[in-house]
Structure formats: structure tokens, C-alpha cells
$ cat input-v9.txt   # compact mmCIF, N, CA and C atoms
# COMPACT_ATOMS: atom_id res chain seq x y z
N MET A 19 -57.98 -128.11 -116.58
CA MET A 19 -57.47 -128.47 -115.27
C MET A 19 -58.58 -129.18 -114.48
N GLU A 20 -58.21 -130.23 -113.77
CA GLU A 20 -59.20 -131.04 -113.06
C GLU A 20 -59.92 -130.26 -111.97
N ASP A 21 -59.21 -129.37 -111.25
CA ASP A 21 -59.84 -128.58 -110.18
C ASP A 21 -60.91 -127.65 -110.76
N ASP A 22 -60.63 -127.08 -111.94
CA ASP A 22 -61.62 -126.24 -112.59
C ASP A 22 -62.86 -127.04 -112.94
N ALA A 23 -62.67 -128.28 -113.38
CA ALA A 23 -63.81 -129.13 -113.72
C ALA A 23 -64.62 -129.44 -112.47
N LEU A 24 -63.95 -129.71 -111.36
CA LEU A 24 -64.66 -129.96 -110.11
C LEU A 24 -65.46 -128.74 -109.70
N ALA A 25 -64.85 -127.58 -109.76
CA ALA A 25 -65.54 -126.35 -109.38
C ALA A 25 -66.77 -126.12 -110.25
N GLU A 26 -66.63 -126.31 -111.55
CA GLU A 26 -67.77 -126.11 -112.45
C GLU A 26 -68.85 -127.16 -112.23
N ASP A 27 -68.45 -128.42 -112.06
CA ASP A 27 -69.43 -129.47 -111.80
C ASP A 27 -70.20 -129.20 -110.50
N LEU A 28 -69.48 -128.77 -109.45
CA LEU A 28 -70.12 -128.46 -108.17
C LEU A 28 -71.07 -127.27 -108.31
N ARG A 29 -70.61 -126.20 -108.99
CA ARG A 29 -71.46 -125.03 -109.20
C ARG A 29 -72.75 -125.41 -109.92
N GLN A 30 -72.62 -126.21 -110.95
CA GLN A 30 -73.79 -126.60 -111.73
C GLN A 30 -74.73 -127.50 -110.92
N ALA A 31 -74.18 -128.48 -110.22
CA ALA A 31 -75.01 -129.39 -109.44
C ALA A 31 -75.74 -128.67 -108.31
N ILE A 32 -75.03 -127.79 -107.60
CA ILE A 32 -75.67 -127.06 -106.50
C ILE A 32 -76.73 -126.11 -107.05
N GLY A 33 -76.43 -125.44 -108.15
CA GLY A 33 -77.41 -124.55 -108.76
C GLY A 33 -78.69 -125.28 -109.15
N GLU A 34 -78.53 -126.43 -109.76
CA GLU A 34 -79.70 -127.22 -110.16
C GLU A 34 -80.47 -127.72 -108.94
N LEU A 35 -79.75 -128.13 -107.90
CA LEU A 35 -80.41 -128.57 -106.67
C LEU A 35 -81.21 -127.44 -106.03
N VAL A 36 -80.60 -126.25 -105.95
CA VAL A 36 -81.31 -125.10 -105.36
C VAL A 36 -82.56 -124.78 -106.17
N ARG A 37 -82.44 -124.76 -107.49
CA ARG A 37 -83.62 -124.47 -108.32
C ARG A 37 -84.70 -125.55 -108.15
N ALA A 38 -84.29 -126.80 -108.03
CA ALA A 38 -85.26 -127.89 -107.85
C ALA A 38 -85.97 -127.77 -106.50
N VAL A 39 -85.23 -127.45 -105.46
CA VAL A 39 -85.83 -127.33 -104.12
C VAL A 39 -86.78 -126.14 -104.07
N ARG A 40 -86.44 -125.07 -104.79
CA ARG A 40 -87.32 -123.89 -104.82
C ARG A 40 -88.67 -124.21 -105.43
N ALA A 41 -88.77 -125.30 -106.18
CA ALA A 41 -90.05 -125.69 -106.77
C ALA A 41 -91.09 -125.97 -105.69
N ALA A 42 -90.63 -126.27 -104.47
CA ALA A 42 -91.55 -126.54 -103.36
C ALA A 42 -92.06 -125.26 -102.72
N ASP A 43 -91.47 -124.11 -103.08
CA ASP A 43 -91.85 -122.84 -102.45
C ASP A 43 -93.28 -122.44 -102.79
N THR A 44 -93.92 -121.81 -101.83
CA THR A 44 -95.28 -121.30 -102.05
C THR A 44 -95.28 -119.78 -102.14
N MET A 45 -94.13 -119.16 -101.96
CA MET A 45 -94.06 -117.70 -102.12
C MET A 45 -92.90 -117.37 -103.06
N PRO A 46 -92.96 -116.22 -103.72
CA PRO A 46 -91.89 -115.85 -104.64
C PRO A 46 -90.53 -115.84 -103.95
N SER A 47 -89.50 -116.26 -104.67
CA SER A 47 -88.17 -116.39 -104.07
C SER A 47 -87.64 -115.07 -103.55
N GLY A 48 -87.94 -113.96 -104.20
CA GLY A 48 -87.48 -112.66 -103.73
C GLY A 48 -88.04 -112.31 -102.37
N GLU A 49 -89.32 -112.62 -102.17
CA GLU A 49 -89.96 -112.35 -100.89
C GLU A 49 -89.39 -113.26 -99.81
N ALA A 50 -89.21 -114.53 -100.12
CA ALA A 50 -88.64 -115.46 -99.15
C ALA A 50 -87.21 -115.04 -98.79
N ALA A 51 -86.45 -114.59 -99.77
CA ALA A 51 -85.07 -114.16 -99.52
C ALA A 51 -85.05 -112.95 -98.59
N ILE A 52 -85.94 -112.00 -98.80
CA ILE A 52 -85.99 -110.82 -97.93
C ILE A 52 -86.36 -111.23 -96.51
N LEU A 53 -87.35 -112.09 -96.36
CA LEU A 53 -87.71 -112.56 -95.01
C LEU A 53 -86.51 -113.23 -94.36
N GLY A 54 -85.78 -114.03 -95.12
CA GLY A 54 -84.59 -114.70 -94.59
C GLY A 54 -83.53 -113.71 -94.13
N HIS A 55 -83.28 -112.68 -94.93
CA HIS A 55 -82.30 -111.66 -94.54
C HIS A 55 -82.72 -110.94 -93.27
N LEU A 56 -83.99 -110.60 -93.18
CA LEU A 56 -84.48 -109.90 -91.99
C LEU A 56 -84.45 -110.80 -90.77
N ASP A 57 -84.75 -112.07 -90.96
CA ASP A 57 -84.74 -113.01 -89.85
C ASP A 57 -83.32 -113.20 -89.32
N ARG A 58 -82.36 -113.32 -90.23
CA ARG A 58 -80.96 -113.55 -89.82
C ARG A 58 -80.27 -112.27 -89.39
N GLY A 59 -80.54 -111.17 -90.08
CA GLY A 59 -79.75 -109.94 -89.88
C GLY A 59 -80.44 -108.82 -89.14
N GLY A 60 -81.71 -109.00 -88.80
CA GLY A 60 -82.43 -107.94 -88.10
C GLY A 60 -82.88 -106.85 -89.06
N PRO A 61 -83.41 -105.76 -88.51
CA PRO A 61 -83.98 -104.69 -89.33
C PRO A 61 -82.97 -104.10 -90.32
N GLN A 62 -83.45 -103.84 -91.54
CA GLN A 62 -82.61 -103.30 -92.61
C GLN A 62 -83.45 -102.40 -93.50
N THR A 63 -82.77 -101.53 -94.23
CA THR A 63 -83.47 -100.70 -95.21
C THR A 63 -83.69 -101.49 -96.49
N THR A 64 -84.56 -100.99 -97.33
CA THR A 64 -84.78 -101.62 -98.64
C THR A 64 -83.50 -101.60 -99.45
N ALA A 65 -82.75 -100.51 -99.36
CA ALA A 65 -81.47 -100.42 -100.10
C ALA A 65 -80.49 -101.49 -99.60
N ASP A 66 -80.43 -101.69 -98.29
CA ASP A 66 -79.54 -102.74 -97.74
C ASP A 66 -79.94 -104.11 -98.29
N LEU A 67 -81.24 -104.38 -98.29
CA LEU A 67 -81.72 -105.68 -98.76
C LEU A 67 -81.42 -105.86 -100.24
N ALA A 68 -81.61 -104.81 -101.03
CA ALA A 68 -81.32 -104.89 -102.46
C ALA A 68 -79.84 -105.21 -102.67
N HIS A 69 -78.99 -104.52 -101.93
CA HIS A 69 -77.55 -104.75 -102.05
C HIS A 69 -77.19 -106.19 -101.68
N ARG A 70 -77.71 -106.68 -100.57
CA ARG A 70 -77.40 -108.04 -100.11
C ARG A 70 -77.88 -109.10 -101.09
N ARG A 71 -79.00 -108.83 -101.75
CA ARG A 71 -79.55 -109.79 -102.70
C ARG A 71 -78.96 -109.63 -104.09
N GLY A 72 -78.29 -108.51 -104.33
CA GLY A 72 -77.72 -108.27 -105.65
C GLY A 72 -78.78 -107.96 -106.69
N VAL A 73 -79.84 -107.24 -106.25
CA VAL A 73 -80.92 -106.85 -107.16
C VAL A 73 -81.06 -105.33 -107.13
N THR A 74 -81.87 -104.81 -108.03
CA THR A 74 -82.10 -103.36 -108.05
C THR A 74 -82.97 -102.95 -106.87
N HIS A 75 -82.88 -101.70 -106.53
CA HIS A 75 -83.71 -101.15 -105.45
C HIS A 75 -85.19 -101.34 -105.81
N GLN A 76 -85.53 -101.12 -107.07
CA GLN A 76 -86.92 -101.25 -107.51
C GLN A 76 -87.43 -102.67 -107.32
N SER A 77 -86.60 -103.64 -107.64
CA SER A 77 -87.00 -105.04 -107.47
C SER A 77 -87.23 -105.36 -106.00
N ALA A 78 -86.31 -104.93 -105.14
CA ALA A 78 -86.48 -105.17 -103.70
C ALA A 78 -87.71 -104.44 -103.18
N ALA A 79 -87.93 -103.22 -103.64
CA ALA A 79 -89.08 -102.43 -103.18
C ALA A 79 -90.40 -103.11 -103.55
N LYS A 80 -90.45 -103.73 -104.73
CA LYS A 80 -91.66 -104.45 -105.14
C LYS A 80 -91.94 -105.61 -104.20
N SER A 81 -90.92 -106.38 -103.86
CA SER A 81 -91.09 -107.50 -102.92
C SER A 81 -91.48 -106.98 -101.54
N VAL A 82 -90.83 -105.91 -101.10
CA VAL A 82 -91.14 -105.32 -99.79
C VAL A 82 -92.60 -104.88 -99.73
N LYS A 83 -93.08 -104.28 -100.81
CA LYS A 83 -94.48 -103.83 -100.86
C LYS A 83 -95.43 -105.01 -100.65
N GLU A 84 -95.15 -106.12 -101.31
CA GLU A 84 -95.98 -107.32 -101.15
C GLU A 84 -95.93 -107.84 -99.72
N LEU A 85 -94.73 -107.86 -99.15
CA LEU A 85 -94.55 -108.36 -97.78
C LEU A 85 -95.26 -107.46 -96.76
N LEU A 86 -95.17 -106.15 -96.98
CA LEU A 86 -95.88 -105.21 -96.10
C LEU A 86 -97.39 -105.42 -96.19
N GLY A 87 -97.88 -105.57 -97.41
CA GLY A 87 -99.31 -105.77 -97.62
C GLY A 87 -99.83 -107.05 -96.98
N ALA A 88 -98.98 -108.06 -96.91
CA ALA A 88 -99.37 -109.34 -96.31
C ALA A 88 -99.12 -109.37 -94.80
N GLY A 89 -98.56 -108.29 -94.26
CA GLY A 89 -98.29 -108.25 -92.82
C GLY A 89 -97.10 -109.09 -92.40
N LEU A 90 -96.22 -109.42 -93.35
CA LEU A 90 -95.07 -110.27 -93.04
C LEU A 90 -93.85 -109.45 -92.59
N VAL A 91 -93.84 -108.16 -92.95
CA VAL A 91 -92.82 -107.23 -92.46
C VAL A 91 -93.52 -105.95 -92.02
N ARG A 92 -92.80 -105.17 -91.22
CA ARG A 92 -93.31 -103.86 -90.78
C ARG A 92 -92.18 -102.85 -90.92
N THR A 93 -92.55 -101.58 -90.90
CA THR A 93 -91.54 -100.53 -90.95
C THR A 93 -91.40 -99.89 -89.58
N GLU A 94 -90.20 -99.35 -89.34
CA GLU A 94 -89.94 -98.60 -88.11
C GLU A 94 -88.95 -97.50 -88.47
N PRO A 95 -88.95 -96.42 -87.71
CA PRO A 95 -88.04 -95.32 -88.03
C PRO A 95 -86.58 -95.76 -87.91
N HIS A 96 -85.76 -95.22 -88.80
CA HIS A 96 -84.32 -95.46 -88.73
C HIS A 96 -83.78 -94.69 -87.53
N PRO A 97 -82.93 -95.31 -86.70
CA PRO A 97 -82.50 -94.64 -85.47
C PRO A 97 -81.59 -93.42 -85.68
N THR A 98 -80.89 -93.35 -86.83
CA THR A 98 -79.95 -92.24 -87.03
C THR A 98 -80.26 -91.38 -88.25
N ASP A 99 -81.19 -91.81 -89.09
CA ASP A 99 -81.50 -91.06 -90.31
C ASP A 99 -83.02 -91.00 -90.46
N GLY A 100 -83.60 -89.88 -90.09
CA GLY A 100 -85.05 -89.71 -90.12
C GLY A 100 -85.67 -89.83 -91.49
N ARG A 101 -84.86 -89.79 -92.55
CA ARG A 101 -85.40 -89.91 -93.92
C ARG A 101 -85.64 -91.37 -94.30
N LYS A 102 -85.07 -92.29 -93.53
CA LYS A 102 -85.12 -93.71 -93.89
C LYS A 102 -86.05 -94.48 -92.96
N LEU A 103 -86.53 -95.61 -93.48
CA LEU A 103 -87.29 -96.56 -92.68
C LEU A 103 -86.55 -97.88 -92.66
N LEU A 104 -86.63 -98.54 -91.52
CA LEU A 104 -86.11 -99.90 -91.41
C LEU A 104 -87.25 -100.87 -91.58
N LEU A 105 -86.96 -101.98 -92.19
CA LEU A 105 -87.93 -103.07 -92.33
C LEU A 105 -87.56 -104.14 -91.32
N ASP A 106 -88.57 -104.72 -90.70
CA ASP A 106 -88.35 -105.80 -89.75
C ASP A 106 -89.39 -106.88 -89.99
N ILE A 107 -89.00 -108.12 -89.76
CA ILE A 107 -89.91 -109.24 -89.94
C ILE A 107 -90.90 -109.27 -88.77
N THR A 108 -92.15 -109.57 -89.06
CA THR A 108 -93.17 -109.70 -88.02
C THR A 108 -93.22 -111.14 -87.54
N ASP A 109 -93.96 -111.36 -86.47
CA ASP A 109 -94.15 -112.74 -86.00
C ASP A 109 -94.83 -113.58 -87.08
N THR A 110 -95.76 -112.98 -87.79
CA THR A 110 -96.44 -113.68 -88.89
C THR A 110 -95.44 -114.01 -90.00
N GLY A 111 -94.55 -113.07 -90.29
CA GLY A 111 -93.52 -113.30 -91.30
C GLY A 111 -92.55 -114.40 -90.89
N ARG A 112 -92.20 -114.41 -89.63
CA ARG A 112 -91.28 -115.44 -89.12
C ARG A 112 -91.95 -116.82 -89.21
N ALA A 113 -93.23 -116.88 -88.88
CA ALA A 113 -93.96 -118.15 -88.96
C ALA A 113 -94.05 -118.61 -90.42
N ARG A 114 -94.29 -117.69 -91.32
CA ARG A 114 -94.37 -118.04 -92.74
C ARG A 114 -93.02 -118.53 -93.26
N LEU A 115 -91.94 -117.88 -92.82
CA LEU A 115 -90.60 -118.30 -93.22
C LEU A 115 -90.30 -119.69 -92.69
N ARG A 116 -90.66 -119.95 -91.44
CA ARG A 116 -90.46 -121.30 -90.88
C ARG A 116 -91.23 -122.33 -91.70
N GLN A 117 -92.45 -121.99 -92.09
CA GLN A 117 -93.27 -122.90 -92.91
C GLN A 117 -92.59 -123.17 -94.25
N GLU A 118 -92.08 -122.14 -94.90
CA GLU A 118 -91.39 -122.31 -96.18
C GLU A 118 -90.16 -123.20 -96.01
N ARG A 119 -89.38 -122.92 -94.97
CA ARG A 119 -88.16 -123.71 -94.74
C ARG A 119 -88.50 -125.17 -94.44
N ALA A 120 -89.52 -125.38 -93.62
CA ALA A 120 -89.92 -126.75 -93.28
C ALA A 120 -90.41 -127.49 -94.52
N GLN A 121 -91.15 -126.80 -95.37
CA GLN A 121 -91.65 -127.42 -96.60
C GLN A 121 -90.49 -127.82 -97.50
N ARG A 122 -89.50 -126.94 -97.64
CA ARG A 122 -88.32 -127.26 -98.45
C ARG A 122 -87.60 -128.47 -97.87
N ALA A 123 -87.39 -128.45 -96.55
CA ALA A 123 -86.66 -129.54 -95.90
C ALA A 123 -87.39 -130.87 -96.05
N THR A 124 -88.71 -130.86 -95.88
CA THR A 124 -89.50 -132.08 -96.03
C THR A 124 -89.41 -132.60 -97.45
N TRP A 125 -89.51 -131.72 -98.40
CA TRP A 125 -89.46 -132.09 -99.82
C TRP A 125 -88.09 -132.67 -100.15
N LEU A 126 -87.02 -132.00 -99.67
CA LEU A 126 -85.66 -132.48 -99.93
C LEU A 126 -85.39 -133.80 -99.21
N ASP A 127 -85.88 -133.93 -97.98
CA ASP A 127 -85.71 -135.18 -97.23
C ASP A 127 -86.35 -136.35 -97.97
N ALA A 128 -87.54 -136.13 -98.51
CA ALA A 128 -88.22 -137.19 -99.26
C ALA A 128 -87.41 -137.58 -100.50
N ALA A 129 -86.86 -136.58 -101.18
CA ALA A 129 -86.05 -136.86 -102.37
C ALA A 129 -84.79 -137.64 -102.00
N ILE A 130 -84.15 -137.25 -100.91
CA ILE A 130 -82.95 -137.96 -100.45
C ILE A 130 -83.28 -139.40 -100.13
N SER A 131 -84.36 -139.61 -99.39
CA SER A 131 -84.77 -140.97 -99.01
C SER A 131 -85.11 -141.82 -100.22
N ASP A 132 -85.78 -141.22 -101.20
CA ASP A 132 -86.19 -141.96 -102.40
C ASP A 132 -85.03 -142.26 -103.35
N ALA A 133 -84.09 -141.31 -103.47
CA ALA A 133 -83.08 -141.42 -104.51
C ALA A 133 -81.77 -142.04 -104.05
N LEU A 134 -81.48 -141.98 -102.75
CA LEU A 134 -80.16 -142.40 -102.28
C LEU A 134 -80.25 -143.59 -101.33
N SER A 135 -79.30 -144.48 -101.46
CA SER A 135 -79.21 -145.62 -100.55
C SER A 135 -78.74 -145.09 -99.18
N PRO A 136 -78.91 -145.91 -98.13
CA PRO A 136 -78.40 -145.48 -96.81
C PRO A 136 -76.91 -145.13 -96.84
N TYR A 137 -76.13 -145.89 -97.58
CA TYR A 137 -74.70 -145.59 -97.70
C TYR A 137 -74.49 -144.22 -98.37
N GLU A 138 -75.22 -143.98 -99.45
CA GLU A 138 -75.10 -142.69 -100.14
C GLU A 138 -75.57 -141.54 -99.26
N GLN A 139 -76.60 -141.79 -98.46
CA GLN A 139 -77.07 -140.75 -97.54
C GLN A 139 -75.98 -140.40 -96.52
N ARG A 140 -75.26 -141.41 -96.02
CA ARG A 140 -74.15 -141.14 -95.08
C ARG A 140 -73.04 -140.34 -95.78
N ARG A 141 -72.74 -140.69 -97.00
CA ARG A 141 -71.72 -139.95 -97.75
C ARG A 141 -72.14 -138.51 -97.98
N LEU A 142 -73.41 -138.31 -98.29
CA LEU A 142 -73.92 -136.96 -98.47
C LEU A 142 -73.81 -136.16 -97.17
N ARG A 143 -74.16 -136.79 -96.06
CA ARG A 143 -74.05 -136.12 -94.74
C ARG A 143 -72.62 -135.69 -94.48
N ASP A 144 -71.65 -136.53 -94.88
CA ASP A 144 -70.24 -136.21 -94.68
C ASP A 144 -69.81 -134.99 -95.51
N CYS A 145 -70.53 -134.70 -96.58
CA CYS A 145 -70.20 -133.55 -97.43
C CYS A 145 -70.68 -132.23 -96.86
N VAL A 146 -71.67 -132.25 -96.00
CA VAL A 146 -72.26 -131.01 -95.48
C VAL A 146 -71.21 -130.11 -94.82
N PRO A 147 -70.36 -130.62 -93.92
CA PRO A 147 -69.35 -129.73 -93.33
C PRO A 147 -68.38 -129.14 -94.37
N LEU A 148 -68.09 -129.92 -95.40
CA LEU A 148 -67.20 -129.41 -96.45
C LEU A 148 -67.86 -128.26 -97.20
N LEU A 149 -69.14 -128.42 -97.52
CA LEU A 149 -69.86 -127.35 -98.21
C LEU A 149 -69.98 -126.12 -97.33
N THR A 150 -70.18 -126.34 -96.03
CA THR A 150 -70.26 -125.22 -95.09
C THR A 150 -68.94 -124.46 -95.04
N ARG A 151 -67.82 -125.19 -95.02
CA ARG A 151 -66.50 -124.54 -95.03
C ARG A 151 -66.27 -123.76 -96.32
N LEU A 152 -66.69 -124.31 -97.44
CA LEU A 152 -66.56 -123.59 -98.71
C LEU A 152 -67.37 -122.29 -98.68
N THR A 153 -68.59 -122.38 -98.18
CA THR A 153 -69.44 -121.19 -98.10
C THR A 153 -68.81 -120.13 -97.21
N THR A 154 -68.27 -120.56 -96.07
CA THR A 154 -67.60 -119.62 -95.15
C THR A 154 -66.41 -118.97 -95.83
N ARG A 155 -65.65 -119.74 -96.58
CA ARG A 155 -64.48 -119.19 -97.28
C ARG A 155 -64.89 -118.16 -98.31
N ILE A 156 -65.98 -118.44 -99.01
CA ILE A 156 -66.43 -117.54 -100.09
C ILE A 156 -67.07 -116.28 -99.52
N THR A 157 -67.91 -116.43 -98.49
CA THR A 157 -68.66 -115.29 -97.96
C THR A 157 -67.95 -114.56 -96.83
N GLY A 158 -66.99 -115.23 -96.19
CA GLY A 158 -66.34 -114.62 -95.04
C GLY A 158 -67.18 -114.69 -93.78
N ARG A 159 -68.31 -115.43 -93.83
CA ARG A 159 -69.19 -115.56 -92.65
C ARG A 159 -69.28 -117.01 -92.25

$ encode --input "input-v9.txt" --output "C-alpha cells"
Amino acid sequence: MEDDALAEDLRQAIGELVRAVRAADTMPSGEAAILGHLDRGGPQTTADLAHRRGVTHQSAAKSVKELLGAGLVRTEPHPTDGRKLLLDITDTGRARLRQERAQRATWLDAAISDALSPYEQRRLRDCVPLLTRLTTRITGR
């Protein structure tokens, strides 16, 4: 079916693009993902972060340990469960996340400018709202 082919082609192209853009990262993707979740969603437990990322608690805890050691996140008491700690992004962590995002954007912008004609760049820009709508449909956000 043609729609299935479109879906698979899109999945593959976006996956390859994401992996290529991650090549510009200076920190491990797990750590950057956790900082992103904390920046967007506020304080969360390690278990919450593991669930959101679809990884094991142990994997998330390893990344959290590195982030704590670097001063990019901090812990605070959970407001309703004294056995748990919440993780929150620090100002240093937020600055580092902004740096990572800016580096990705700069790298991607250079690739777009080098690889695509002005006409193709306009067509690509027209696709962004469509991709955003697809993401909203899939995630419900």
C-alpha cells in the first residue's frame, strides 16, 4: 500500500536525520534527553524519567549520576513521598542544554544551506507544520 510506503520512508528518513544531527552533540544522548525532559516538564523522579525515555531505571540512574556529578541537575525532596527525591535542572544544566540545542541547530542550518536550494528550503519549511501535527497526533501533546 502506498500510504504504508510513505510512513516507512518518513520513519526511516527522520530516524537517519535525527542520528546525523546527534553527531554534533558533545554530551551523551541519554544525558541530553534527561536535561530536556527536566527543562520541559519540571522536577521528576528517576523512575519518571526512565519511563518517559523508555529505558531501564538503571540506565536513567547512570545518566542522572553523571548529571549530578557535573552540577547539571540537583535533587530535592519529593513533596508527598519522603522516600523519593525529585531531580531538577540547574541553571548550569539549562545553559548546557541551550548550548547543545544551539550547536545542533547551527549544524543543521549549515547542512540545509549547503544541500538545499532556496526553493527546496521553502518547501522544507512548509513541511514543519505538517510534521508538528503528526507528532501531536502520535503523542497527544

$ closest_residue --input "input-v9.txt" --among "A:Gly54, A:Gly59, A:Gly48, A:Pro147" --to "Ala78 in chain A" --atoms "only C-alpha atoms"
A:Gly48

$ closest_residue --input "input-v9.txt" --among "A:Ile107, A:Ile130, A:Val73, A:Ala23" --to "Arg92 in chain A" --atoms "all atoms listed in the file"
A:Ile107

$ residues_around --input "input-v9.txt" --residues "Thr64 in chain A" --least-positions-apart "4" --cutoff "6 Å" --atoms "all atoms listed in the file" --output "PyMOL selection string"
chain A and resi 68-69+103+105

$ residues_around --input "input-v9.txt" --residues "Val82 in chain A" --least-positions-apart "4" --cutoff "8 Å" --atoms "only N, CA and C atoms" --output "VMD selection string"
chain A and resid 48 to 49 52 64 76 to 78 86 to 88 91

$ select_by_dssp --input "input-v9.txt" --residues "range 79-159 of chain A" --states "strand (DSSP E)" --output "PyMOL selection string"
chain A and resi 91-95+103-107

$ closest_atom_pairs --input "input-v9.txt" --of "range 78-153 of chain A" --to "range 28-42 of chain A" --cutoff "7 Å" --atoms "all atoms listed in the file" --output "Markdown table"
| residue | atom | partner | partner_atom | distance |
| --- | --- | --- | --- | --- |
| A:Gln121 | C | A:Ala42 | C | 6.0 |
| A:Arg122 | CA | A:Ala42 | CA | 5.9 |
| A:Trp125 | CA | A:Ala42 | CA | 6.9 |
| A:Leu126 | N | A:Val39 | CA | 6.6 |

$ write_last_selection --input "input-v9.txt" --atoms "N, CA and C atoms" --output "mmCIF file, keeping the file's coordinate frame"
data_model
loop_
_atom_site.group_PDB
_atom_site.id
_atom_site.type_symbol
_atom_site.label_atom_id
_atom_site.label_comp_id
_atom_site.auth_asym_id
_atom_site.auth_seq_id
_atom_site.Cartn_x
_atom_site.Cartn_y
_atom_site.Cartn_z
ATOM 1 N N GLN A 121 -91.150 -126.800 -95.370
ATOM 2 C CA GLN A 121 -91.650 -127.420 -96.600
ATOM 3 C C GLN A 121 -90.490 -127.820 -97.500
ATOM 4 N N ARG A 122 -89.500 -126.940 -97.640
ATOM 5 C CA ARG A 122 -88.320 -127.260 -98.450
ATOM 6 C C ARG A 122 -87.600 -128.470 -97.870
ATOM 7 N N TRP A 125 -89.510 -131.720 -98.400
ATOM 8 C CA TRP A 125 -89.460 -132.090 -99.820
ATOM 9 C C TRP A 125 -88.090 -132.670 -100.150
ATOM 10 N N LEU A 126 -87.020 -132.000 -99.670
ATOM 11 C CA LEU A 126 -85.660 -132.480 -99.930
ATOM 12 C C LEU A 126 -85.390 -133.800 -99.210
#

$ atom_distance --input "input-v9.txt" --atom1 "atom N of Pro61 in chain A" --atom2 "atom N of Lys102 in chain A"
14.5 Å

$ axis_aligned_box --input "input-v9.txt" --around "range 106-115 of chain A" --padding-each-side "8 Å" --output "JSON"
{"center_x": -92.4, "center_y": -112.2, "center_z": -89.6, "size_x": 24.1, "size_y": 31.0, "size_z": 23.3}

$ residues_around --input "input-v9.txt" --residues "Gly111 in chain A" --least-positions-apart "5" --cutoff "7 Å" --atoms "all atoms listed in the file" --output "list in words"
Leu53, Gly89, Leu90, Val91 and Arg116 of chain A

$ write_last_selection --input "input-v9.txt" --atoms "N, CA and C atoms" --output "PDB file, in the frame of the given file"
ATOM      1  N   LEU A  53     -87.350-112.090 -96.360  1.00  0.00           N
ATOM      2  CA  LEU A  53     -87.710-112.560 -95.010  1.00  0.00           C
ATOM      3  C   LEU A  53     -86.510-113.230 -94.360  1.00  0.00           C
ATOM      4  N   GLY A  89     -98.560-108.290 -94.260  1.00  0.00           N
ATOM      5  CA  GLY A  89     -98.290-108.250 -92.820  1.00  0.00           C
ATOM      6  C   GLY A  89     -97.100-109.090 -92.400  1.00  0.00           C
ATOM      7  N   LEU A  90     -96.220-109.420 -93.350  1.00  0.00           N
ATOM      8  CA  LEU A  90     -95.070-110.270 -93.040  1.00  0.00           C
ATOM      9  C   LEU A  90     -93.850-109.450 -92.590  1.00  0.00           C
ATOM     10  N   VAL A  91     -93.840-108.160 -92.950  1.00  0.00           N
ATOM     11  CA  VAL A  91     -92.820-107.230 -92.460  1.00  0.00           C
ATOM     12  C   VAL A  91     -93.520-105.950 -92.020  1.00  0.00           C
ATOM     13  N   ARG A 116     -90.660-119.950 -91.440  1.00  0.00           N
ATOM     14  CA  ARG A 116     -90.460-121.300 -90.880  1.00  0.00           C
ATOM     15  C   ARG A 116     -91.230-122.330 -91.700  1.00  0.00           C
TER      16      ARG A 116
END

$ closest_residue --input "input-v9.txt" --among "A:Gly100, A:Pro136, A:Pro46, A:Pro95" --to "Ser81 in chain A" --atoms "only C-alpha atoms"
A:Pro46

$ decode --input "input-v9.txt" --residues "range 34-78 of chain A" --atoms "C-alpha atoms" --output "short mmCIF file (atom, residue, chain, number, x, y, z; two decimals), in the first residue's frame"
data_model
loop_
_atom_site.label_atom_id
_atom_site.label_comp_id
_atom_site.auth_asym_id
_atom_site.auth_seq_id
_atom_site.Cartn_x
_atom_site.Cartn_y
_atom_site.Cartn_z
CA GLU A 34 18.54 8.97 9.88
CA LEU A 35 18.27 12.76 10.17
CA VAL A 36 18.00 12.59 13.97
CA ARG A 37 21.01 10.27 14.18
CA ALA A 38 23.01 12.55 11.87
CA VAL A 39 22.17 15.67 13.87
CA ARG A 40 23.12 13.91 17.11
CA ALA A 41 26.64 13.61 15.68
CA ALA A 42 27.04 17.30 16.63
CA ASP A 43 26.31 16.54 20.30
CA THR A 44 29.04 16.99 22.87
CA MET A 45 27.25 15.09 25.63
CA PRO A 46 25.76 11.58 25.67
CA SER A 47 22.24 11.47 24.24
CA GLY A 48 20.77 9.98 27.43
CA GLU A 49 22.04 12.88 29.50
CA ALA A 50 20.83 15.45 26.98
CA ALA A 51 17.42 13.75 26.87
CA ILE A 52 17.10 13.88 30.66
CA LEU A 53 18.03 17.57 30.72
CA GLY A 54 15.42 18.17 28.02
CA HIS A 55 12.71 16.35 29.99
CA LEU A 56 13.52 18.30 33.14
CA ASP A 57 13.63 21.59 31.25
CA ARG A 58 10.24 20.98 29.61
CA GLY A 59 8.46 19.08 32.38
CA GLY A 60 9.95 20.36 35.62
CA PRO A 61 11.18 18.22 38.52
CA GLN A 62 10.76 14.45 38.13
CA THR A 63 11.94 11.25 39.76
CA THR A 64 14.48 8.97 38.12
CA ALA A 65 11.69 6.42 37.62
CA ASP A 66 9.56 9.04 35.83
CA LEU A 67 12.47 9.94 33.56
CA ALA A 68 13.20 6.28 32.79
CA HIS A 69 9.55 5.71 31.88
CA ARG A 70 9.38 8.81 29.64
CA ARG A 71 12.57 7.81 27.84
CA GLY A 72 11.60 4.16 27.54
CA VAL A 73 14.79 2.96 29.25
CA THR A 74 15.51 0.93 32.37
CA HIS A 75 15.70 2.60 35.75
CA GLN A 76 19.37 1.57 35.92
CA SER A 77 20.15 3.29 32.63
CA ALA A 78 18.43 6.50 33.71
#
